[in-house]
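Participant: Take a look at this one; I'll ask things after.
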Amino acid sequence: MKKINTTVSKIRHYTIVEMMMVIAVFMIILSMAMVAWLNSGSQSRAKNAARLLSAQLNLARAKAVSERTDIGVFFSTGGAASAAAELADSGDPNPYKEVPACRLYYMNVSTGKRLDYVDNSQWHTLSGGIGVYPAASDISSSFQPSGAITDNTFWIIFGRKGEVKAAKDKNGNIHKDNKNMYNLIVVEGSEKSGSIPENAPYFVLSVNHYTGRITTKYCEAE
């Protein structure tokens, strides 16, 4: 009689410890991915705001050169004080009083008074929680983490040669002889609390006084 050999396959089972280790590794990877996703969203919004502002500054400079006149970019960061300042000056009031916005204006270099808005221009708004404010030549000393997004208005005026003819800072000081770069900080804060996180990344828009050339730099809080 012929012998029939039978084999029994050995089935390996995972232990509970091994399954828990796999789940733990998966959760760690998932948490790291979530943090990266949240940070990328914050950085993306600030980056988009920096691009918009850079485009508006470049447009004002190009129009100043082509029209042979002084054109400024007027910034309103939102809030009651900015709204009051908008209504007090000539030109149309900012319809977006509670969010940062900017628009191109024909402006008086000496006083910074808005004469009239540039034809075919409109108010450009930034998403909620985005803070924009002028910075000193020392960028690191100007960035204030954990501080509130301040409510103010300021502007930059380009001349007919494309140079910066005047700029107004957040304290109301008018700079007409500033030989350094004029810098703007763009950072995302909390839309709910209006504050800037301590470790928030930010972008610096630097406008060269002589040429009006705009450069954008990404920075991280130290």
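FYI, nothing fancy with the structure tokens labels: chains A, B, ... in order, residues from 1 per chain, ligands from 1 as they appear.
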Excluding region 55-62 of chain A and any residue of its chain fewer than 6 positions from it, enumerate the residues within 8 Å of it, using only C-alpha atoms, and give them as a list in words.

Facilitator: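 The filter keeps Ile71, Gly72, Val73, Arg103, Leu104, Phe158, Gly159, Gly162, Glu163, Gly212, Arg213 and Ile214 of chain A.
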
Participant: Can you list, as a VMD selection string, every protein, DNA or RNA residue that comes within 6 Å of Ala101 (chain A) when you count only C-alpha atoms, leaving out same-chain residues fewer than 6 positions away?

Facilitator: chain A and resid 75 to 76 124 to 125

Participant: Could you please determine the separation between CA of Asp119 (chain A) and CA of Ile156 (chain A) in Å, to one decimal place?

Facilitator: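 Spanning CA of Asp119 (chain A) to CA of Ile156 (chain A) is a straight-line distance of 18.0 Å.
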
Participant: How many Å separate CA of Lys217 (chain A) from CA of Ala166 (chain A)?

Facilitator: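 That distance, rounded to one decimal, is 22.4 Å.
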
Participant: Between A:Met107, A:His175, A:Lys165, A:Ala50, which one has atoms that come closest to Tyr133 (chain A), using only C-alpha atoms?

Facilitator: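 Checking each candidate against Tyr133 (chain A), we get A:Ala50 as the closest.
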
Participant: Can you pull out every residue within 7 Å of Gly131 (chain A), counting only C-alpha atoms, but drop anything in the same chain fewer than 5 positions away, and send it as an MDAnalysis selection string?

Facilitator: chainID A and resid 149 186:189

Participant: Just how far from CA of Lys113 (chain A) is CA of Asn208 (chain A), in Å to one decimal?

Facilitator: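 Calculated distance between CA of Asn208 (chain A) and CA of Lys113 (chain A) is 22.4 Å.
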
Participant: Nearest to Asp169 (chain A) among A:Ala49, A:Ala24, A:Leu115, A:Phe154, with distances taken over only C-alpha atoms: which residue is it?

Facilitator: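 Under the stated criterion, the closest residue is A:Phe154.
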